[in-house]
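Here is my_file.txt, consisting of compact mmCIF, C-alpha atoms and all ligand atoms:
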```txt
# COMPACT_ATOMS: atom_id res chain seq x y z
CA MET A 19 -9.02 49.18 2.12
CA SER A 20 -10.68 47.25 -0.68
CA ILE A 21 -8.91 45.27 -3.39
CA SER A 22 -9.87 47.95 -5.85
CA GLU A 23 -8.49 50.77 -3.73
CA ASN A 24 -5.27 48.88 -3.01
CA LEU A 25 -4.73 48.28 -6.70
CA LYS A 26 -5.43 51.84 -7.71
CA GLN A 27 -3.02 53.15 -5.12
CA ILE A 28 -0.18 50.89 -6.29
CA ILE A 29 -0.77 51.59 -9.99
CA GLN A 30 -0.95 55.32 -9.43
CA GLU A 31 2.61 55.30 -8.09
CA LEU A 32 4.14 53.03 -10.74
CA PRO A 33 6.56 54.54 -13.26
CA SER A 34 5.37 53.96 -16.83
CA HIS A 35 8.14 51.41 -17.60
CA VAL A 36 7.04 49.12 -14.74
CA SER A 37 4.22 46.58 -15.02
CA LEU A 38 2.30 44.95 -12.21
CA VAL A 39 1.58 41.25 -11.77
CA ALA A 40 -1.31 40.84 -9.31
CA VAL A 41 -0.36 37.72 -7.36
CA SER A 42 -3.66 35.97 -6.70
CA LYS A 43 -2.46 32.57 -5.44
CA THR A 44 -4.82 30.98 -2.89
CA LYS A 45 -7.38 33.79 -3.44
CA PRO A 46 -10.97 33.05 -4.56
CA LEU A 47 -12.34 33.94 -8.01
CA ALA A 48 -14.41 36.79 -6.53
CA ASP A 49 -11.20 38.58 -5.52
CA LEU A 50 -9.70 38.19 -8.98
CA LYS A 51 -12.94 39.46 -10.56
CA MET A 52 -12.74 42.53 -8.36
CA ALA A 53 -9.21 43.24 -9.56
CA TYR A 54 -10.28 42.55 -13.15
CA GLN A 55 -13.12 45.05 -12.87
CA THR A 56 -10.63 47.62 -11.65
CA GLY A 57 -8.71 47.07 -14.90
CA GLN A 58 -6.03 44.58 -13.88
CA ARG A 59 -5.17 42.13 -16.68
CA ILE A 60 -2.01 40.36 -15.46
CA PHE A 61 -2.39 37.76 -12.73
CA GLY A 62 0.31 35.60 -11.15
CA GLU A 63 -0.14 32.16 -9.64
CA ASN A 64 2.34 29.68 -8.22
CA LYS A 65 0.49 26.38 -8.80
CA ILE A 66 -0.27 25.22 -12.31
CA GLN A 67 -3.52 23.43 -11.45
CA GLU A 68 -4.93 26.37 -9.51
CA MET A 69 -3.95 28.75 -12.31
CA THR A 70 -5.60 26.51 -14.91
CA GLN A 71 -8.88 26.41 -12.99
CA LYS A 72 -8.88 30.19 -12.75
CA TRP A 73 -7.98 30.57 -16.44
CA GLU A 74 -10.97 28.37 -17.33
CA ALA A 75 -13.35 30.41 -15.17
CA LEU A 76 -12.28 33.96 -15.98
CA PRO A 77 -12.27 36.25 -19.07
CA LYS A 78 -9.84 35.30 -21.79
CA ASP A 79 -8.11 38.66 -22.09
CA ILE A 80 -6.21 37.96 -18.85
CA SER A 81 -2.46 37.28 -19.10
CA TRP A 82 -1.48 34.46 -16.76
CA HIS A 83 2.00 34.44 -15.27
CA MET A 84 3.43 31.36 -13.58
CA ILE A 85 5.59 32.78 -10.80
CA GLY A 86 6.22 29.65 -8.74
CA ASN A 87 8.72 26.91 -9.25
CA VAL A 88 7.53 24.68 -12.04
CA GLN A 89 6.75 20.97 -11.79
CA THR A 90 7.75 19.68 -15.20
CA ASN A 91 5.04 17.00 -15.37
CA LYS A 92 2.37 19.71 -15.13
CA ILE A 93 3.67 22.05 -17.83
CA LYS A 94 1.28 20.49 -20.35
CA TYR A 95 -1.71 21.94 -18.50
CA MET A 96 -0.56 25.55 -18.84
CA ALA A 97 1.18 25.31 -22.22
CA PRO A 98 -1.98 26.19 -24.21
CA TYR A 99 -2.48 29.56 -22.51
CA VAL A 100 0.28 30.70 -20.13
CA SER A 101 1.66 34.09 -21.03
CA LEU A 102 4.94 34.35 -19.07
CA VAL A 103 6.77 31.77 -16.97
CA HIS A 104 8.90 33.59 -14.38
CA GLY A 105 10.32 30.59 -12.55
CA ILE A 106 12.52 28.83 -15.12
CA ASP A 107 15.11 27.68 -12.62
CA ARG A 108 16.70 24.67 -14.30
CA ILE A 109 17.41 23.31 -17.78
CA LYS A 110 14.81 20.58 -17.41
CA VAL A 111 12.06 23.21 -17.12
CA LEU A 112 13.32 24.99 -20.23
CA GLN A 113 13.39 21.73 -22.20
CA GLU A 114 9.92 20.63 -21.14
CA LEU A 115 8.44 24.07 -21.69
CA ASN A 116 9.94 24.12 -25.18
CA LYS A 117 8.49 20.69 -25.94
CA GLU A 118 4.99 21.50 -24.70
CA ALA A 119 4.97 24.91 -26.40
CA ALA A 120 5.84 23.21 -29.70
CA LYS A 121 2.96 20.76 -29.27
CA ASN A 122 0.66 23.78 -28.97
CA ASN A 123 2.26 25.62 -31.89
CA ARG A 124 3.21 28.40 -29.53
CA VAL A 125 6.25 30.39 -28.52
CA ILE A 126 5.95 30.82 -24.75
CA GLU A 127 7.72 33.71 -23.07
CA GLY A 128 9.85 33.05 -20.03
CA LEU A 129 12.30 34.48 -17.52
CA LEU A 130 15.33 32.74 -16.07
CA GLN A 131 15.19 32.64 -12.28
CA VAL A 132 18.41 33.68 -10.58
CA HIS A 133 19.36 32.65 -7.07
CA ILE A 134 20.14 35.97 -5.38
CA ALA A 135 19.01 35.32 -1.80
CA GLU A 136 21.12 33.97 1.01
CA GLU A 137 18.66 31.22 1.85
CA GLU A 138 19.43 27.81 0.39
CA THR A 139 15.72 27.23 -0.14
CA LYS A 140 15.26 29.78 -2.91
CA PHE A 141 15.48 28.34 -6.39
CA GLY A 142 17.39 29.45 -9.43
CA PHE A 143 20.55 29.58 -11.52
CA SER A 144 23.80 31.19 -10.38
CA SER A 145 25.14 34.21 -12.27
CA ASP A 146 27.79 32.08 -13.98
CA GLU A 147 25.20 29.56 -15.08
CA ILE A 148 23.07 32.35 -16.58
CA LEU A 149 25.99 33.80 -18.53
CA ALA A 150 26.84 30.35 -19.87
CA LEU A 151 23.22 29.60 -20.72
CA ILE A 152 22.31 32.73 -22.68
CA ASP A 153 24.37 31.66 -25.69
CA GLN A 154 22.29 28.48 -25.94
CA LEU A 155 18.87 30.07 -25.68
CA LYS A 156 18.42 30.20 -29.45
CA THR A 157 18.28 26.41 -29.56
CA PHE A 158 14.94 26.48 -27.72
CA LYS A 159 12.76 27.52 -30.64
CA ASN A 160 9.45 27.58 -28.79
CA VAL A 161 10.52 29.48 -25.71
CA HIS A 162 11.39 33.15 -25.84
CA ILE A 163 13.48 34.13 -22.84
CA LYS A 164 13.02 37.85 -22.36
CA GLY A 165 14.67 38.50 -19.04
CA LEU A 166 15.48 37.51 -15.49
CA MET A 167 13.56 37.02 -12.26
CA GLY A 168 14.78 36.98 -8.68
CA MET A 169 13.55 36.87 -5.11
CA ALA A 170 15.43 38.68 -2.39
CA SER A 171 16.08 37.19 1.04
CA PHE A 172 13.23 37.26 3.52
CA THR A 173 14.74 39.75 5.93
CA GLU A 174 14.14 43.13 7.54
CA ASN A 175 17.65 44.14 6.49
CA LYS A 176 17.02 46.66 3.70
CA GLU A 177 20.70 46.95 2.77
CA GLN A 178 20.91 43.26 2.13
CA VAL A 179 17.77 43.23 -0.01
CA GLN A 180 19.07 46.24 -1.91
CA SER A 181 22.43 44.63 -2.60
CA GLU A 182 20.69 41.46 -3.85
CA PHE A 183 18.58 43.55 -6.25
CA LYS A 184 21.71 45.38 -7.37
CA SER A 185 23.49 42.11 -8.14
CA LEU A 186 20.52 40.93 -10.21
CA LYS A 187 20.40 44.21 -12.13
CA LYS A 188 24.13 43.95 -12.79
CA LEU A 189 23.72 40.45 -14.21
CA TYR A 190 20.76 41.66 -16.31
CA ASN A 191 22.97 44.42 -17.74
CA GLN A 192 25.72 41.92 -18.51
CA CYS A 193 23.24 39.78 -20.43
CA ILE A 194 22.08 42.80 -22.42
CA PHE A 195 25.70 43.69 -23.14
CA LYS A 196 26.13 40.19 -24.55
CA GLY A 197 23.33 40.96 -26.98
CA CYS A 198 20.57 38.72 -25.68
CA GLY A 199 17.85 41.35 -26.14
CA PHE A 200 16.33 41.19 -22.68
CA ASN A 201 13.65 43.72 -21.75
CA THR A 202 12.14 42.32 -18.55
CA LEU A 203 13.51 42.26 -15.02
CA SER A 204 11.04 40.70 -12.57
CA MET A 205 11.89 41.69 -9.02
CA GLY A 206 9.98 43.10 -6.07
CA MET A 207 7.04 41.89 -3.96
CA SER A 208 4.65 43.59 -1.49
CA GLY A 209 7.37 44.34 1.04
CA ASP A 210 10.16 45.46 -1.26
CA TYR A 211 8.78 46.52 -4.64
CA LYS A 212 9.57 50.22 -4.20
CA LEU A 213 13.19 49.37 -3.55
CA ALA A 214 13.16 46.94 -6.49
CA ILE A 215 11.87 49.64 -8.83
CA LYS A 216 14.61 51.97 -7.65
CA GLU A 217 17.11 49.23 -8.49
CA GLY A 218 15.81 48.67 -12.00
CA SER A 219 12.82 46.32 -11.87
CA THR A 220 10.41 46.44 -14.83
CA LEU A 221 7.90 43.89 -13.50
CA ILE A 222 6.76 43.65 -9.90
CA ARG A 223 4.84 40.74 -8.36
CA VAL A 224 2.50 41.99 -5.65
CA GLY A 225 0.04 39.80 -3.74
CA SER A 226 -0.80 40.61 -0.13
CA LYS A 227 -0.69 44.37 -0.63
CA ILE A 228 -3.56 44.01 -3.12
CA PHE A 229 -5.56 41.03 -1.85
CA GLY A 230 -4.67 41.00 1.85
CA GLU A 231 -2.68 38.43 3.81
CA ARG A 232 -2.84 34.79 2.76
CA ASN A 233 -3.62 32.01 5.24
C1 LIG B 1 3.71 34.89 -3.37
C2 LIG B 1 4.73 35.46 -4.27
C3 LIG B 1 4.79 36.85 -4.50
C4 LIG B 1 3.87 37.85 -3.84
O1 LIG B 1 4.17 37.96 -2.49
P1 LIG B 1 3.51 39.14 -1.60
O2 LIG B 1 4.48 39.31 -0.50
O3 LIG B 1 2.18 38.65 -1.14
O4 LIG B 1 3.41 40.34 -2.46
C5 LIG B 1 5.74 37.30 -5.40
N1 LIG B 1 6.60 36.46 -6.02
C6 LIG B 1 6.56 35.13 -5.82
C7 LIG B 1 7.52 34.28 -6.55
C8 LIG B 1 5.64 34.59 -4.94
O5 LIG B 1 5.63 33.26 -4.73
```
Please re-express this file's structure in structure tokens.
Amino acid sequence: MSISENLKQIIQELPSHVSLVAVSKTKPLADLKMAYQTGQRIFGENKIQEMTQKWEALPKDISWHMIGNVQTNKIKYMAPYVSLVHGIDRIKVLQELNKEAAKNNRVIEGLLQVHIAEEETKFGFSSDEILALIDQLKTFKNVHIKGLMGMASFTENKEQVQSEFKSLKKLYNQCIFKGCGFNTLSMGMSGDYKLAIKEGSTLIRVGSKIFGERN
């Protein structure tokens, strides 16, 4: 199926409270243009330089989401335009993002990345760190944290993925209970987004199911 058909099929099935990030990392501009022509306006990339090149080349009504883990020395390149940073996984990123956003007279929206997977290699804060951090978020005047993001383990075991999504949703609810005003829960990718939606996701990040496998 074509990019356009893939997109339409996914969007058709999405509940109205769930938004789609089209993950276009490694894909050529022509593929993004195809998705744009189909109506897609949110694109996700995991490398700041690649995202910046695409931002320069494509229409300016696109919202760019940084979904990868962030190299702090490159934040300055995306600070003028990035719309949502999903992968805030350590204090250093929050501090640098705040600094660069201020230089651009912007308030940049972000999500705190939570480590929910079993693998050591996935990035993010622990639940306890999140609960401790949310009281301090107000001190970062130029970053607006509006929710959480997580990546489940890379496994065929659906029960495990489901329980990881459940734990993230539970933490999200705890944050809301503490009055932090969150409205965005970013979880779910090509292989598990339906499950993620069932478990409370409001923002899914789908790449290969739209654009095909990456090399
Ligand atoms: C690549 C990536 C995705 C999309 O993965 P697919 O399996 O191709 O849908 C989602 N989230 C993050 C953080 C990614 O790096």
Could you list the protein, DNA and RNA residues that have any atom within 12 Å of ligand LIG 1 (chain B), counting all atoms listed in the file, and write them as a PyMOL selection string?
chain A and resi 28+38-45+61-65+83-88+103-107+129+131-133+140-142+167-172+204-212+221-233
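Picture a line from atom CA of Lys184 of chain A to atom CA of Phe143 of chain A; it runs 16.4 Å.
The closest residue to His162 of chain A, picked from A:Ile126, A:Ala150, A:Ile194, A:Leu213 and counting only C-alpha atoms, is A:Ile126.
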Taking only C-alpha atoms into account, which of A:Met52, A:Ile148, A:Val179, A:Cys198 comes nearest Glu217 of chain A?
A:Val179
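Interatomic distance, atom CA of Met69 of chain A against atom CA of Arg124 of chain A: 18.7 Å.
From atom CA of Glu118 of chain A back to atom CA of Ser101 of chain A, the distance works out to 13.5 Å.
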What residues have an atom no more than 10 Å from (21.7, 30.1, -19.2) in the file's own frame, counting only C-alpha atoms, and can you write them as a ChimeraX atom specification?
/A:107-109,112,130-132,143-155,163,193
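Distances here use all atoms listed in the file; by that measure, the residue among A:Ile80, A:Ala214, A:Lys159, A:Ser37 closest to Gln113 of chain A is A:Lys159.
Every protein or nucleic acid residue with an atom no more than 10 Å from Ile93 of chain A, counting all atoms listed in the file and leaving out same-chain residues fewer than 5 positions away, appears here: Ile66, Gln67, Val88, Pro98, Val100, Val111, Glu114, Leu115, Asn116, Lys117, Glu118 and Ala119 of chain A.
Closest approach to Thr56 of chain A from the set A:Ile29, A:Leu76, A:Ile215, A:Val36 is made by A:Ile29, with distances taken over all atoms listed in the file.
Proximity to Tyr99 of chain A was assessed for A:Phe158, A:Trp73, A:Lys121, A:Gln178 counting all atoms listed in the file; the smallest distance is recorded for A:Trp73.
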Can you complete the atoms of segment 58-92 of chain A to N, CA and C atoms and list them as a PDB file, in the frame of the given file?
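So the final result, stored in result.pdb, reads:
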```
ATOM      1  N   GLN A  58      -7.227  45.429 -13.907  1.00  0.00           N
ATOM      2  CA  GLN A  58      -6.030  44.580 -13.880  1.00  0.00           C
ATOM      3  C   GLN A  58      -6.162  43.427 -14.880  1.00  0.00           C
ATOM      4  N   ARG A  59      -5.106  43.200 -15.676  1.00  0.00           N
ATOM      5  CA  ARG A  59      -5.170  42.130 -16.680  1.00  0.00           C
ATOM      6  C   ARG A  59      -4.028  41.124 -16.565  1.00  0.00           C
ATOM      7  N   ILE A  60      -3.099  41.340 -15.654  1.00  0.00           N
ATOM      8  CA  ILE A  60      -2.010  40.360 -15.460  1.00  0.00           C
ATOM      9  C   ILE A  60      -2.135  39.775 -14.067  1.00  0.00           C
ATOM     10  N   PHE A  61      -2.282  38.448 -14.013  1.00  0.00           N
ATOM     11  CA  PHE A  61      -2.390  37.760 -12.730  1.00  0.00           C
ATOM     12  C   PHE A  61      -1.281  36.721 -12.609  1.00  0.00           C
ATOM     13  N   GLY A  62      -0.760  36.565 -11.399  1.00  0.00           N
ATOM     14  CA  GLY A  62       0.310  35.600 -11.150  1.00  0.00           C
ATOM     15  C   GLY A  62      -0.139  34.532 -10.176  1.00  0.00           C
ATOM     16  N   GLU A  63       0.197  33.298 -10.496  1.00  0.00           N
ATOM     17  CA  GLU A  63      -0.140  32.160  -9.640  1.00  0.00           C
ATOM     18  C   GLU A  63       1.114  31.303  -9.479  1.00  0.00           C
ATOM     19  N   ASN A  64       1.153  30.505  -8.403  1.00  0.00           N
ATOM     20  CA  ASN A  64       2.340  29.680  -8.220  1.00  0.00           C
ATOM     21  C   ASN A  64       2.070  28.169  -8.298  1.00  0.00           C
ATOM     22  N   LYS A  65       0.806  27.803  -8.586  1.00  0.00           N
ATOM     23  CA  LYS A  65       0.490  26.380  -8.800  1.00  0.00           C
ATOM     24  C   LYS A  65      -0.232  26.237 -10.129  1.00  0.00           C
ATOM     25  N   ILE A  66       0.254  25.335 -10.951  1.00  0.00           N
ATOM     26  CA  ILE A  66      -0.270  25.220 -12.310  1.00  0.00           C
ATOM     27  C   ILE A  66      -1.742  24.820 -12.312  1.00  0.00           C
ATOM     28  N   GLN A  67      -2.116  23.877 -11.439  1.00  0.00           N
ATOM     29  CA  GLN A  67      -3.520  23.430 -11.450  1.00  0.00           C
ATOM     30  C   GLN A  67      -4.486  24.529 -11.024  1.00  0.00           C
ATOM     31  N   GLU A  68      -4.088  25.270  -9.982  1.00  0.00           N
ATOM     32  CA  GLU A  68      -4.930  26.370  -9.510  1.00  0.00           C
ATOM     33  C   GLU A  68      -5.057  27.445 -10.601  1.00  0.00           C
ATOM     34  N   MET A  69      -3.944  27.739 -11.253  1.00  0.00           N
ATOM     35  CA  MET A  69      -3.950  28.750 -12.310  1.00  0.00           C
ATOM     36  C   MET A  69      -4.864  28.304 -13.468  1.00  0.00           C
ATOM     37  N   THR A  70      -4.808  27.020 -13.798  1.00  0.00           N
ATOM     38  CA  THR A  70      -5.600  26.510 -14.910  1.00  0.00           C
ATOM     39  C   THR A  70      -7.104  26.589 -14.606  1.00  0.00           C
ATOM     40  N   GLN A  71      -7.466  26.281 -13.380  1.00  0.00           N
ATOM     41  CA  GLN A  71      -8.880  26.410 -12.990  1.00  0.00           C
ATOM     42  C   GLN A  71      -9.352  27.849 -13.099  1.00  0.00           C
ATOM     43  N   LYS A  72      -8.514  28.773 -12.688  1.00  0.00           N
ATOM     44  CA  LYS A  72      -8.880  30.190 -12.750  1.00  0.00           C
ATOM     45  C   LYS A  72      -8.923  30.680 -14.188  1.00  0.00           C
ATOM     46  N   TRP A  73      -7.984  30.216 -15.004  1.00  0.00           N
ATOM     47  CA  TRP A  73      -7.980  30.570 -16.440  1.00  0.00           C
ATOM     48  C   TRP A  73      -9.295  30.111 -17.084  1.00  0.00           C
ATOM     49  N   GLU A  74      -9.731  28.893 -16.739  1.00  0.00           N
ATOM     50  CA  GLU A  74     -10.970  28.370 -17.330  1.00  0.00           C
ATOM     51  C   GLU A  74     -12.179  29.217 -16.936  1.00  0.00           C
ATOM     52  N   ALA A  75     -12.168  29.729 -15.710  1.00  0.00           N
ATOM     53  CA  ALA A  75     -13.350  30.410 -15.170  1.00  0.00           C
ATOM     54  C   ALA A  75     -13.425  31.902 -15.499  1.00  0.00           C
ATOM     55  N   LEU A  76     -12.322  32.490 -15.878  1.00  0.00           N
ATOM     56  CA  LEU A  76     -12.280  33.960 -15.980  1.00  0.00           C
ATOM     57  C   LEU A  76     -12.123  34.429 -17.436  1.00  0.00           C
ATOM     58  N   PRO A  77     -12.341  35.735 -17.690  1.00  0.00           N
ATOM     59  CA  PRO A  77     -12.270  36.250 -19.070  1.00  0.00           C
ATOM     60  C   PRO A  77     -10.934  35.952 -19.754  1.00  0.00           C
ATOM     61  N   LYS A  78     -11.010  35.785 -21.064  1.00  0.00           N
ATOM     62  CA  LYS A  78      -9.840  35.300 -21.790  1.00  0.00           C
ATOM     63  C   LYS A  78      -8.841  36.387 -22.179  1.00  0.00           C
ATOM     64  N   ASP A  79      -9.120  37.626 -21.824  1.00  0.00           N
ATOM     65  CA  ASP A  79      -8.110  38.660 -22.090  1.00  0.00           C
ATOM     66  C   ASP A  79      -7.144  38.852 -20.911  1.00  0.00           C
ATOM     67  N   ILE A  80      -7.172  37.918 -19.957  1.00  0.00           N
ATOM     68  CA  ILE A  80      -6.210  37.960 -18.850  1.00  0.00           C
ATOM     69  C   ILE A  80      -4.905  37.293 -19.279  1.00  0.00           C
ATOM     70  N   SER A  81      -3.782  37.920 -18.928  1.00  0.00           N
ATOM     71  CA  SER A  81      -2.460  37.280 -19.100  1.00  0.00           C
ATOM     72  C   SER A  81      -2.107  36.562 -17.813  1.00  0.00           C
ATOM     73  N   TRP A  82      -1.815  35.272 -17.943  1.00  0.00           N
ATOM     74  CA  TRP A  82      -1.480  34.460 -16.760  1.00  0.00           C
ATOM     75  C   TRP A  82       0.016  34.257 -16.661  1.00  0.00           C
ATOM     76  N   HIS A  83       0.567  34.616 -15.512  1.00  0.00           N
ATOM     77  CA  HIS A  83       2.000  34.440 -15.270  1.00  0.00           C
ATOM     78  C   HIS A  83       2.212  33.348 -14.226  1.00  0.00           C
ATOM     79  N   MET A  84       3.053  32.377 -14.568  1.00  0.00           N
ATOM     80  CA  MET A  84       3.430  31.360 -13.580  1.00  0.00           C
ATOM     81  C   MET A  84       4.663  31.878 -12.837  1.00  0.00           C
ATOM     82  N   ILE A  85       4.486  32.177 -11.553  1.00  0.00           N
ATOM     83  CA  ILE A  85       5.590  32.780 -10.800  1.00  0.00           C
ATOM     84  C   ILE A  85       6.266  31.786  -9.859  1.00  0.00           C
ATOM     85  N   GLY A  86       5.665  30.619  -9.689  1.00  0.00           N
ATOM     86  CA  GLY A  86       6.220  29.650  -8.740  1.00  0.00           C
ATOM     87  C   GLY A  86       7.237  28.749  -9.393  1.00  0.00           C
ATOM     88  N   ASN A  87       7.818  27.862  -8.604  1.00  0.00           N
ATOM     89  CA  ASN A  87       8.720  26.910  -9.250  1.00  0.00           C
ATOM     90  C   ASN A  87       7.883  25.821  -9.918  1.00  0.00           C
ATOM     91  N   VAL A  88       8.355  25.428 -11.099  1.00  0.00           N
ATOM     92  CA  VAL A  88       7.530  24.680 -12.040  1.00  0.00           C
ATOM     93  C   VAL A  88       7.758  23.179 -11.907  1.00  0.00           C
ATOM     94  N   GLN A  89       6.660  22.442 -11.741  1.00  0.00           N
ATOM     95  CA  GLN A  89       6.750  20.970 -11.790  1.00  0.00           C
ATOM     96  C   GLN A  89       6.646  20.565 -13.247  1.00  0.00           C
ATOM     97  N   THR A  90       7.683  19.926 -13.757  1.00  0.00           N
ATOM     98  CA  THR A  90       7.750  19.680 -15.200  1.00  0.00           C
ATOM     99  C   THR A  90       6.605  18.807 -15.719  1.00  0.00           C
ATOM    100  N   ASN A  91       6.123  17.872 -14.888  1.00  0.00           N
ATOM    101  CA  ASN A  91       5.040  17.000 -15.370  1.00  0.00           C
ATOM    102  C   ASN A  91       3.701  17.724 -15.505  1.00  0.00           C
ATOM    103  N   LYS A  92       3.632  18.973 -15.035  1.00  0.00           N
ATOM    104  CA  LYS A  92       2.370  19.710 -15.130  1.00  0.00           C
ATOM    105  C   LYS A  92       2.404  20.819 -16.184  1.00  0.00           C
TER     106      LYS A  92
END
```
